[in-house]
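Trainee: I am sharing entry35.txt, which consists of compact mmCIF, C-alpha atoms:
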```txt
# COMPACT_ATOMS: atom_id res chain seq x y z
CA MET A 1 136.51 88.66 95.82
CA TYR A 2 134.61 87.12 98.73
CA GLU A 3 136.65 83.93 98.44
CA ASP A 4 136.23 82.99 102.12
CA LEU A 5 132.46 83.43 101.85
CA LYS A 6 132.28 81.26 98.74
CA GLN A 7 134.39 78.58 100.38
CA ARG A 8 132.12 78.61 103.44
CA PHE A 9 129.12 78.14 101.17
CA ALA A 10 130.77 75.14 99.52
CA ALA A 11 131.61 73.66 102.93
CA CYS A 12 128.06 74.17 104.22
CA TYR A 13 126.12 72.95 101.19
CA GLY A 14 128.53 70.71 99.26
CA ARG A 15 128.29 72.75 96.05
CA GLN A 16 129.32 76.10 94.65
CA PRO A 17 127.23 79.29 95.00
CA HIS A 18 125.68 80.90 91.94
CA PHE A 19 125.77 84.54 93.12
CA VAL A 20 127.29 86.93 95.64
CA PHE A 21 125.18 89.87 96.87
CA THR A 22 125.98 92.73 99.24
CA ALA A 23 124.12 95.50 101.04
CA PRO A 24 125.58 98.34 103.13
CA GLY A 25 124.94 99.55 106.62
CA ARG A 26 123.86 103.15 106.96
CA THR A 27 124.71 106.21 108.98
CA GLU A 28 122.46 109.09 109.95
CA LEU A 29 124.40 112.25 109.11
CA GLY A 30 121.65 114.60 110.26
CA GLY A 31 118.10 114.33 111.51
CA ASN A 32 118.26 112.53 114.84
CA HIS A 33 114.82 110.98 115.49
CA THR A 34 113.09 113.14 112.89
CA ASP A 35 111.86 110.42 110.54
CA HIS A 36 109.05 109.13 112.77
CA GLN A 37 107.70 112.72 112.87
CA LEU A 38 107.64 112.87 109.04
CA GLY A 39 110.72 115.07 109.11
CA LEU A 40 113.94 115.53 107.18
CA VAL A 41 117.01 113.29 107.33
CA LEU A 42 120.47 113.31 105.80
CA ALA A 43 121.78 109.74 105.61
CA GLY A 44 124.46 107.72 103.92
CA ALA A 45 125.29 104.13 103.05
CA VAL A 46 128.63 103.10 104.57
CA SER A 47 131.47 100.79 103.66
CA ALA A 48 130.53 98.29 106.39
CA GLU A 49 128.45 95.69 104.58
CA ILE A 50 126.63 92.41 104.81
CA ALA A 51 127.35 89.85 102.05
CA ALA A 52 125.71 86.59 100.99
CA ALA A 53 126.80 83.73 98.75
CA VAL A 54 123.60 82.25 97.29
CA ALA A 55 122.31 79.42 95.10
CA PRO A 56 118.76 78.25 94.35
CA ASN A 57 118.02 74.94 96.04
CA GLY A 58 114.94 73.69 94.19
CA ARG A 59 113.14 73.22 97.51
CA ASP A 60 110.30 75.11 99.10
CA GLU A 61 112.50 76.64 101.77
CA ILE A 62 115.15 79.26 102.45
CA CYS A 63 118.19 78.03 104.35
CA LEU A 64 120.59 80.65 105.67
CA GLN A 65 123.85 80.10 107.55
CA SER A 66 125.59 82.96 109.41
CA ASP A 67 128.92 82.88 111.25
CA GLY A 68 128.54 81.46 114.74
CA PHE A 69 124.83 80.63 114.45
CA PRO A 70 122.91 77.47 113.62
CA PRO A 71 121.27 77.30 110.18
CA CYS A 72 117.99 79.19 109.87
CA ARG A 73 115.38 77.34 107.77
CA ILE A 74 112.14 78.99 106.63
CA GLY A 75 109.44 76.99 104.85
CA LEU A 76 107.81 78.93 102.04
CA ASP A 77 104.46 77.17 102.28
CA ASP A 78 103.36 79.44 105.14
CA LEU A 79 104.52 83.06 105.14
CA ALA A 80 102.20 84.42 107.84
CA PRO A 81 103.80 86.22 110.82
CA ARG A 82 104.64 83.96 113.77
CA GLU A 83 104.59 85.18 117.32
CA ASP A 84 107.36 82.78 118.36
CA GLU A 85 109.70 84.26 115.71
CA ARG A 86 109.41 87.90 116.77
CA GLU A 87 112.77 89.67 117.14
CA THR A 88 114.59 86.86 115.30
CA THR A 89 116.40 86.47 111.99
CA ALA A 90 113.73 83.98 110.93
CA ALA A 91 111.09 86.70 111.23
CA LEU A 92 112.98 88.99 108.85
CA ILE A 93 113.51 86.21 106.28
CA ARG A 94 109.86 85.20 106.40
CA GLY A 95 108.72 88.83 106.26
CA VAL A 96 110.80 89.75 103.22
CA ALA A 97 109.70 86.57 101.41
CA ALA A 98 106.09 87.43 102.26
CA GLY A 99 106.56 90.91 100.80
CA PHE A 100 107.55 89.49 97.42
CA ALA A 101 104.77 86.88 97.51
CA ALA A 102 102.22 89.62 98.27
CA LEU A 103 103.25 91.38 95.05
CA GLY A 104 102.46 88.23 93.09
CA HIS A 105 106.00 86.93 92.73
CA PRO A 106 106.43 83.24 93.70
CA VAL A 107 109.41 82.99 96.02
CA PRO A 108 112.00 80.33 95.08
CA GLY A 109 113.91 78.44 97.72
CA PHE A 110 117.60 79.17 98.08
CA ASP A 111 120.62 78.42 100.25
CA ALA A 112 122.82 81.22 101.53
CA CYS A 113 125.92 81.86 103.61
CA VAL A 114 126.12 85.32 105.16
CA GLN A 115 128.95 87.38 106.63
CA SER A 116 128.75 90.91 108.02
CA SER A 117 131.04 93.79 108.91
CA VAL A 118 128.09 95.99 109.99
CA LEU A 119 128.83 96.61 113.64
CA PRO A 120 126.02 95.23 115.86
CA GLY A 121 124.59 97.81 118.25
CA SER A 122 126.38 100.73 116.55
CA GLY A 123 123.32 102.33 115.01
CA LEU A 124 124.53 101.33 111.53
CA SER A 125 121.29 99.40 110.97
CA SER A 126 122.41 95.81 110.65
CA SER A 127 118.77 94.68 110.49
CA ALA A 128 117.92 97.06 107.62
CA ALA A 129 121.07 96.00 105.77
CA PHE A 130 120.01 92.36 106.16
CA GLU A 131 116.49 93.11 104.91
CA VAL A 132 117.84 94.96 101.88
CA LEU A 133 120.27 92.09 101.21
CA LEU A 134 117.40 89.58 101.24
CA GLY A 135 115.31 91.86 99.05
CA THR A 136 118.17 92.18 96.56
CA VAL A 137 118.57 88.39 96.49
CA LEU A 138 114.87 87.79 95.84
CA ASN A 139 114.71 90.60 93.30
CA GLN A 140 117.34 88.71 91.30
CA LEU A 141 115.93 85.22 91.78
CA THR A 142 112.34 86.23 90.96
CA GLY A 143 113.32 88.60 88.15
CA CYS A 144 110.65 91.04 89.23
CA GLY A 145 112.71 94.22 88.80
CA LEU A 146 111.77 96.16 91.94
CA ASN A 147 113.49 99.50 92.47
CA ALA A 148 115.44 100.47 95.59
CA LEU A 149 112.51 102.16 97.36
CA GLU A 150 110.24 99.19 96.72
CA ILE A 151 112.83 96.86 98.24
CA ALA A 152 113.16 99.25 101.19
CA ARG A 153 109.40 99.18 101.83
CA ILE A 154 109.36 95.38 101.86
CA GLY A 155 112.16 95.45 104.44
CA GLN A 156 110.31 97.97 106.59
CA GLN A 157 107.13 95.88 106.51
CA ALA A 158 109.11 92.79 107.52
CA GLU A 159 110.59 94.65 110.47
CA ASN A 160 107.22 96.14 111.50
CA ARG A 161 104.89 93.16 111.05
CA TYR A 162 107.19 90.17 111.49
CA PHE A 163 110.12 91.26 113.66
CA GLY A 164 107.95 93.52 115.83
CA LYS A 165 109.91 96.78 115.67
CA PRO A 166 107.83 99.85 114.69
CA CYS A 167 110.60 101.51 112.62
CA GLY A 168 110.20 104.13 109.93
CA LEU A 169 111.52 103.82 106.38
CA LEU A 170 114.80 105.72 106.84
CA ASP A 171 117.19 102.84 107.52
CA GLN A 172 116.00 100.64 104.68
CA THR A 173 115.95 103.57 102.23
CA ALA A 174 119.55 104.54 102.98
CA CYS A 175 120.74 100.92 102.73
CA ALA A 176 118.85 100.31 99.49
CA VAL A 177 119.70 103.55 97.63
CA GLY A 178 123.38 104.04 98.52
CA GLY A 179 125.51 107.17 98.65
CA ILE A 180 124.50 110.22 100.69
CA ILE A 181 120.83 111.10 100.41
CA ALA A 182 118.54 113.82 101.73
CA VAL A 183 115.13 112.34 102.54
CA ASP A 184 111.87 114.19 103.17
CA PHE A 185 109.29 111.98 104.89
CA ALA A 186 106.35 114.40 104.58
CA ASP A 187 104.61 111.58 102.69
CA PRO A 188 105.90 108.46 104.48
CA GLU A 189 104.66 106.17 101.70
CA ARG A 190 106.51 108.15 99.02
CA PRO A 191 109.48 109.89 100.63
CA LEU A 192 111.39 112.35 98.49
CA VAL A 193 114.96 111.14 98.05
CA GLU A 194 117.69 113.44 96.72
CA PRO A 195 121.30 112.30 96.17
CA VAL A 196 123.89 114.59 97.78
CA PRO A 197 127.34 113.54 96.47
CA PHE A 198 130.20 114.35 98.85
CA ASP A 199 133.53 112.80 99.81
CA PHE A 200 134.58 113.40 103.42
CA ALA A 201 138.18 112.39 102.71
CA SER A 202 138.45 115.09 100.05
CA ALA A 203 137.60 117.61 102.79
CA GLY A 204 140.42 116.20 104.93
CA TYR A 205 138.30 114.24 107.40
CA ALA A 206 137.59 110.64 108.33
CA LEU A 207 134.14 109.41 109.35
CA CYS A 208 134.55 107.43 112.59
CA PHE A 209 132.26 105.47 114.87
CA VAL A 210 133.35 105.09 118.46
CA ASP A 211 131.81 102.13 120.28
CA SER A 212 130.75 103.20 123.78
CA GLY A 213 130.60 99.59 124.97
CA ALA A 214 127.05 100.13 126.23
CA SER A 215 124.49 97.47 125.35
CA HIS A 216 121.11 98.16 123.75
CA ALA A 217 119.56 95.40 125.85
CA ASP A 218 116.64 96.54 128.01
CA LEU A 219 116.43 99.95 126.32
CA THR A 220 113.17 99.37 124.44
CA ALA A 221 111.25 101.60 126.84
CA ASP A 222 113.78 104.43 126.41
CA TYR A 223 113.51 104.30 122.62
CA ALA A 224 109.73 103.98 122.67
CA SER A 225 109.34 106.95 125.01
CA ILE A 226 110.38 109.40 122.27
CA PRO A 227 107.64 108.67 119.68
CA GLN A 228 105.14 107.96 122.46
CA GLU A 229 105.65 111.33 124.16
CA LEU A 230 105.62 113.18 120.86
CA ALA A 231 102.43 111.38 119.86
CA ALA A 232 100.76 112.53 123.08
CA LEU A 233 101.86 116.11 122.42
CA CYS A 234 100.61 115.97 118.83
CA ARG A 235 97.22 114.61 119.89
CA ALA A 236 96.84 117.53 122.28
CA LEU A 237 97.34 119.86 119.32
CA GLY A 238 95.02 117.92 117.01
CA GLN A 239 97.51 116.09 114.79
CA GLU A 240 99.29 112.74 114.57
CA HIS A 241 102.79 113.97 113.70
CA LEU A 242 104.83 117.04 114.55
CA ARG A 243 105.41 117.79 110.85
CA ARG A 244 101.70 118.63 110.58
CA ILE A 245 101.88 121.23 113.36
CA PRO A 246 103.33 124.60 112.25
CA GLU A 247 106.13 125.70 114.55
CA GLU A 248 104.44 129.02 115.33
CA LEU A 249 101.28 127.15 116.40
CA PHE A 250 103.37 124.88 118.62
CA TYR A 251 104.88 127.83 120.44
CA THR A 252 101.53 129.59 120.66
CA ARG A 253 100.04 126.54 122.39
CA ILE A 254 103.19 125.36 124.16
CA GLY A 255 101.59 125.65 127.61
CA GLU A 256 98.74 123.41 126.50
CA ALA A 257 101.21 120.92 125.03
CA ARG A 258 103.21 120.93 128.27
CA ALA A 259 100.11 120.28 130.38
CA ALA A 260 99.02 117.38 128.16
CA ALA A 261 102.35 115.63 127.51
CA GLY A 262 104.87 116.94 130.03
CA ASP A 263 108.06 118.96 129.93
CA ARG A 264 110.25 116.33 128.27
CA ALA A 265 107.84 115.91 125.37
CA VAL A 266 107.95 119.65 124.74
CA LEU A 267 111.76 119.68 124.85
CA ARG A 268 111.86 116.76 122.42
CA ALA A 269 109.54 118.64 120.07
CA VAL A 270 111.86 121.66 120.23
CA HIS A 271 114.70 119.36 119.11
CA ILE A 272 112.66 118.02 116.17
CA TYR A 273 111.77 121.48 114.86
CA GLU A 274 115.35 122.68 115.06
CA GLU A 275 116.81 119.43 113.72
CA ASN A 276 114.70 119.66 110.56
CA LYS A 277 116.12 123.14 109.96
CA ARG A 278 119.64 121.81 110.53
CA VAL A 279 119.16 119.05 107.96
CA ARG A 280 118.26 121.63 105.31
CA LYS A 281 121.37 123.62 106.21
CA GLN A 282 123.60 120.51 106.32
CA THR A 283 122.38 119.43 102.89
CA ALA A 284 123.06 122.90 101.48
CA ALA A 285 126.52 122.95 103.09
CA LEU A 286 127.53 119.66 101.46
CA LYS A 287 126.18 120.79 98.10
CA THR A 288 128.28 123.95 98.22
CA GLY A 289 131.33 122.26 99.76
CA ASP A 290 131.18 124.32 102.97
CA PHE A 291 132.38 121.55 105.26
CA GLU A 292 133.14 123.84 108.19
CA ALA A 293 129.48 124.90 108.24
CA PHE A 294 128.49 121.23 108.07
CA LEU A 295 130.69 120.39 111.06
CA ASP A 296 129.23 123.25 113.09
CA LEU A 297 125.74 121.89 112.40
CA VAL A 298 126.84 118.39 113.45
CA GLY A 299 127.94 119.82 116.79
CA GLN A 300 124.66 121.69 117.18
CA SER A 301 122.75 118.47 116.47
CA GLY A 302 124.73 116.59 119.11
CA ARG A 303 124.13 119.22 121.76
CA SER A 304 120.42 119.32 120.95
CA SER A 305 120.13 115.53 121.15
CA TRP A 306 121.70 115.56 124.60
CA MET A 307 119.92 118.63 125.98
CA TYR A 308 116.47 118.51 124.39
CA LEU A 309 115.88 115.09 122.82
CA GLN A 310 117.61 113.49 125.83
CA ASN A 311 118.68 110.25 124.15
CA VAL A 312 122.17 110.00 125.63
CA LEU A 313 121.51 108.79 129.18
CA PRO A 314 119.10 105.88 129.77
CA ALA A 315 116.48 106.29 132.48
CA GLY A 316 117.97 105.53 135.89
CA SER A 317 121.51 105.33 134.50
CA GLY A 318 123.03 106.75 137.68
CA ALA A 319 126.80 106.38 137.85
CA ARG A 320 127.07 104.32 134.64
CA GLN A 321 126.85 106.68 131.66
CA ALA A 322 128.96 105.01 128.97
CA LEU A 323 127.60 106.94 125.99
CA GLY A 324 127.93 110.30 127.76
CA PHE A 325 131.48 109.40 128.80
CA THR A 326 132.35 108.44 125.22
CA LEU A 327 130.97 111.72 123.89
CA ALA A 328 132.99 113.73 126.41
CA LEU A 329 136.21 111.80 125.67
CA THR A 330 135.70 112.07 121.89
CA GLU A 331 135.10 115.82 122.07
CA HIS A 332 138.21 116.26 124.22
CA LEU A 333 140.40 114.30 121.80
CA LEU A 334 139.16 116.31 118.82
CA ARG A 335 140.68 119.39 120.50
CA GLY A 336 138.39 121.90 118.89
CA ARG A 337 138.53 120.43 115.38
CA GLY A 338 135.98 118.23 113.66
CA ALA A 339 132.74 117.37 115.40
CA CYS A 340 130.94 114.54 117.18
CA ARG A 341 127.41 113.58 118.15
CA VAL A 342 125.32 110.71 119.46
CA HIS A 343 124.50 108.43 116.55
CA GLY A 344 121.15 106.88 115.69
CA GLY A 345 118.65 105.89 118.35
CA GLY A 346 120.99 106.77 121.21
CA PHE A 347 121.06 105.70 124.88
CA ALA A 348 123.82 103.20 123.96
CA GLY A 349 125.84 102.22 120.91
CA ALA A 350 128.20 104.58 119.13
CA VAL A 351 129.36 108.15 118.83
CA GLN A 352 129.78 109.54 115.31
CA ALA A 353 132.90 111.66 114.84
CA TYR A 354 134.49 113.61 112.00
CA VAL A 355 138.23 113.47 112.61
CA PRO A 356 140.97 115.42 110.76
CA LEU A 357 142.97 112.90 108.74
CA GLU A 358 146.31 114.15 110.03
CA GLY A 359 145.25 113.44 113.61
CA LEU A 360 143.35 110.20 112.99
CA GLU A 361 145.94 107.72 114.25
CA ALA A 362 146.61 109.65 117.47
CA PHE A 363 142.84 110.02 117.99
CA ARG A 364 142.26 106.29 117.55
CA ARG A 365 145.25 105.31 119.67
CA GLU A 366 144.09 107.38 122.64
CA LEU A 367 140.49 106.18 122.35
CA GLU A 368 141.62 102.56 122.35
CA ARG A 369 143.87 103.18 125.34
CA VAL A 370 140.79 104.21 127.35
CA LEU A 371 137.91 102.28 125.77
CA GLY A 372 139.68 99.18 124.52
CA SER A 373 141.14 97.81 121.30
CA GLY A 374 138.86 98.01 118.28
CA CYS A 375 136.52 100.65 119.69
CA CYS A 376 137.16 103.15 116.87
CA HIS A 377 135.93 102.19 113.39
CA VAL A 378 136.83 104.27 110.33
CA LEU A 379 134.21 104.03 107.59
CA SER A 380 133.54 105.68 104.25
CA ILE A 381 130.44 106.40 102.22
CA ARG A 382 129.49 103.61 99.82
CA SER A 383 128.00 104.76 96.51
CA GLN A 384 125.85 101.65 95.97
CA GLY A 385 122.95 100.16 97.89
CA GLY A 386 122.02 96.49 97.66
CA VAL A 387 123.76 94.96 94.63
CA LEU A 388 124.56 91.72 92.84
CA GLU A 389 128.35 91.61 93.11
CA GLU A 390 129.21 88.39 91.25
CA VAL A 391 127.51 85.89 88.93
CA LEU A 392 129.39 82.60 89.26
CA VAL A 393 127.48 80.29 86.92
```
Using structure tokens, write down the structure from this file.

Mentor:
Amino acid sequence: MYEDLKQRFAACYGRQPHFVFTAPGRTELGGNHTDHQLGLVLAGAVSAEIAAAVAPNGRDEICLQSDGFPPCRIGLDDLAPREDERETTAALIRGVAAGFAALGHPVPGFDACVQSSVLPGSGLSSSAAFEVLLGTVLNQLTGCGLNALEIARIGQQAENRYFGKPCGLLDQTACAVGGIIAVDFADPERPLVEPVPFDFASAGYALCFVDSGASHADLTADYASIPQELAALCRALGQEHLRRIPEELFYTRIGEARAAAGDRAVLRAVHIYEENKRVRKQTAALKTGDFEAFLDLVGQSGRSSWMYLQNVLPAGSGARQALGFTLALTEHLLRGRGACRVHGGGFAGAVQAYVPLEGLEAFRRELERVLGSGCCHVLSIRSQGGVLEEVLV
């Protein structure tokens, strides 16, 4: 396996790799924007993955080569965050290395070649997959034996402190643990993670991601507005997160919340409360094999995200509404079967769809006729998180 990747390593570095590692992307199956409010999420690792061929180099640096990019070299003598590296691959490498060093594990230098099938901009968390991949590599090379959640936390800290994105722990947890998991973030430092085994194909459905063609560029303000508005609402009610405000208290003081934070913040809070309930029901539906109930909840989540959370149309989108168009087309082509919803952060990226297997090819063919070749990606749930795939020496 991974013969092309191993050959690329040999071509880049003039020697053979010692290991091959992989880490999966992740999908949010339920719980749209609930994690930053200490809520509930149903998530799964997916078959799209990022892989690395690796060998120690005996130097005090990490050298990483990805397809189509110049080599990225990180000296290990200084692992402090650098302002000029923010929002770069170098920041994530330095941040993950710093996380291991902070735990008292000297970080060895290594060379790596990386390839990825995690779709950029799809909401499948390519950055979290990369962080978990690096953490899995260093876990092996240092021999420190960290568990999946510990690797996930190192990835989150790298993304927060080094890359500059204030993400929660959801993406890294799903990528690191593997399979389908229900996560309760009531304690964000120690989230409760419960495996929820389920095979969508056995229920007669394919898990698809439909690329809207819309770019995430210049959408930082749209994403940031959701936690910012909810934070303002929570402060007005004397808490930092919505999870700490009982729903009955929220509705009792809803006029006060509206005056302090505005109508959209209140609508977004309504979505969060209802979405947490849906995650509980979705988890129960998968456990009992009631896939029709699960699909109904997926549809409810999608409608709530559009109507209340309002993360489908970017501010000032006007006539160009690629994600909304993709949702409408996907729903039409499902013809009353399956379900679809905005996936992940929203505003751009992909639509998640559950498509009956017998209609999959016609569904994909019609989507590609309208949106372009390669817009529909069929994925499956991957049972493993970050793993060492091959030992070559």

Trainee: Mind working out the centre and edge lengths of an axis-aligned box for range 7-25 of chain A, all listed atoms inside, 4 Å added to each side, rounded to one decimal in Å and written as JSON?

Mentor:
```
{"center_x": 129.3, "center_y": 85.1, "center_z": 99.3, "size_x": 18.3, "size_y": 36.8, "size_z": 22.7}
```

Trainee: Which residue, A:Ser126, A:Asn57, A:Gln239, A:Ser212, has the smallest gap to Val351 in chain A when you use only C-alpha atoms?

Mentor: A:Ser212

Trainee: Which residue out of A:Leu392, A:Glu87, A:Gly164, A:Cys113 has the minimum interatomic distance to Arg8 in chain A when only C-alpha atoms are used?

Mentor: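 Of A:Leu392, A:Glu87, A:Gly164, A:Cys113, the one nearest Arg8 in chain A, counting only C-alpha atoms, is A:Cys113.
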
Trainee: Counting all atoms listed in the file, figure out which residue out of A:Thr22, A:Gln172, A:Gln65, A:Asn276 gets nearest to Leu133 in chain A.

Mentor: A:Thr22

Trainee: With distances taken over only C-alpha atoms, which residue among A:Val210, A:Ile272, A:Ala293, A:Ala232 lies nearest Thr330 in chain A?

Mentor: A:Val210

Trainee: Between A:Tyr273, A:Phe21, A:Phe100, A:Phe325, which has the minimum distance to Leu309 in chain A (counting only C-alpha atoms)?

Mentor: A:Tyr273

Trainee: Fewer than 4 positions away in the same chain doesn't count, so skip those; otherwise give me all residues within 7 Å of Cys340 in chain A, counting all atoms listed in the file, as a ChimeraX atom specification.

Mentor: /A:298-299,302,331,351-354

Trainee: Have a look at A:Cys175, A:Glu229, A:Ala128, A:Ser373 and name the one nearest to Asp263 in chain A; count all atoms listed in the file.

Mentor: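 Result for the nearest residue to Asp263 in chain A: A:Glu229.
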
Trainee: Just give me the gap between CA of Glu150 in chain A and CA of Leu169 in chain A in Å, one decimal is fine.

Mentor: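 We find that CA of Glu150 in chain A and CA of Leu169 in chain A lie 10.8 Å from each other.
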
Trainee: For range 93-144 of chain A against range 48-55 of chain A, with a cut-off of 12 Å and counting only C-alpha atoms, what is the closest atom pair and its distance in Å to one decimal for every residue that makes the cut, ordered by chain and number, as CSV?

Mentor:
```
residue,atom,partner,partner_atom,distance
A:Pro108,CA,A:Ala55,CA,10.4
A:Gly109,CA,A:Ala55,CA,8.9
A:Phe110,CA,A:Ala55,CA,5.6
A:Asp111,CA,A:Ala55,CA,5.5
A:Ala112,CA,A:Val54,CA,4.4
A:Cys113,CA,A:Ala53,CA,5.3
A:Val114,CA,A:Ala52,CA,4.4
A:Gln115,CA,A:Ala51,CA,5.4
A:Ser116,CA,A:Ile50,CA,4.1
A:Ser117,CA,A:Ala48,CA,5.2
A:Val118,CA,A:Ala48,CA,4.9
A:Leu119,CA,A:Ala48,CA,7.6
A:Pro120,CA,A:Ala48,CA,10.9
A:Ser122,CA,A:Ala48,CA,11.2
A:Gly123,CA,A:Ala48,CA,11.9
A:Leu124,CA,A:Ala48,CA,8.5
A:Ser125,CA,A:Glu49,CA,10.3
A:Ser126,CA,A:Ile50,CA,8.0
A:Ser127,CA,A:Ile50,CA,10.0
A:Ala128,CA,A:Ile50,CA,10.3
A:Ala129,CA,A:Ile50,CA,6.7
A:Phe130,CA,A:Ile50,CA,6.8
A:Glu131,CA,A:Ile50,CA,10.2
A:Val132,CA,A:Ile50,CA,9.6
A:Leu133,CA,A:Ile50,CA,7.3
A:Leu134,CA,A:Ala52,CA,8.8
A:Gly135,CA,A:Ala52,CA,11.8
A:Thr136,CA,A:Ala52,CA,10.4
A:Val137,CA,A:Val54,CA,8.0
A:Leu138,CA,A:Val54,CA,10.4
A:Gln140,CA,A:Val54,CA,10.8
A:Leu141,CA,A:Ala55,CA,9.2
```

Trainee: In Å to one decimal, how far is CA of Tyr308 in chain A from CA of Arg268 in chain A?

Mentor: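 These two atoms are separated by 5.3 Å.
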
Trainee: Between CA of Ala174 in chain A and CA of Ala339 in chain A, what is the spacing in Å?

Mentor: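 Distance reported for this atom pair: 22.2 Å.
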
Trainee: What's around Val355 in chain A at 6 Å? Count all atoms listed in the file, leave out sequence neighbours fewer than 5 positions away in its own chain, and write the answer as a PyMOL selection string.

Mentor: chain A and resi 205-206+338

Trainee: With a distance cut-off of 9 Å and all atoms listed in the file, select the neighbouring residues of Ala269 in chain A, excluding the residue or stretch itself and same-chain residues fewer than 5 positions from it, and output the selection as a list in words.

Mentor: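 Listed by chain and then number, they are Leu230, Leu233, Leu242, Phe250, Arg264, Glu274, Tyr308 and Leu309 of chain A.
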
Trainee: Produce a file of the selected residues containing C-alpha atoms, as a short mmCIF file (atom, residue, chain, number, x, y, z; two decimals), in the coordinates of the input.

Mentor:
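And here is the file that came out, result-v2.cif:
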```
data_model
loop_
_atom_site.label_atom_id
_atom_site.label_comp_id
_atom_site.auth_asym_id
_atom_site.auth_seq_id
_atom_site.Cartn_x
_atom_site.Cartn_y
_atom_site.Cartn_z
CA LEU A 230 105.62 113.18 120.86
CA LEU A 233 101.86 116.11 122.42
CA LEU A 242 104.83 117.04 114.55
CA PHE A 250 103.37 124.88 118.62
CA ARG A 264 110.25 116.33 128.27
CA GLU A 274 115.35 122.68 115.06
CA TYR A 308 116.47 118.51 124.39
CA LEU A 309 115.88 115.09 122.82
#
```
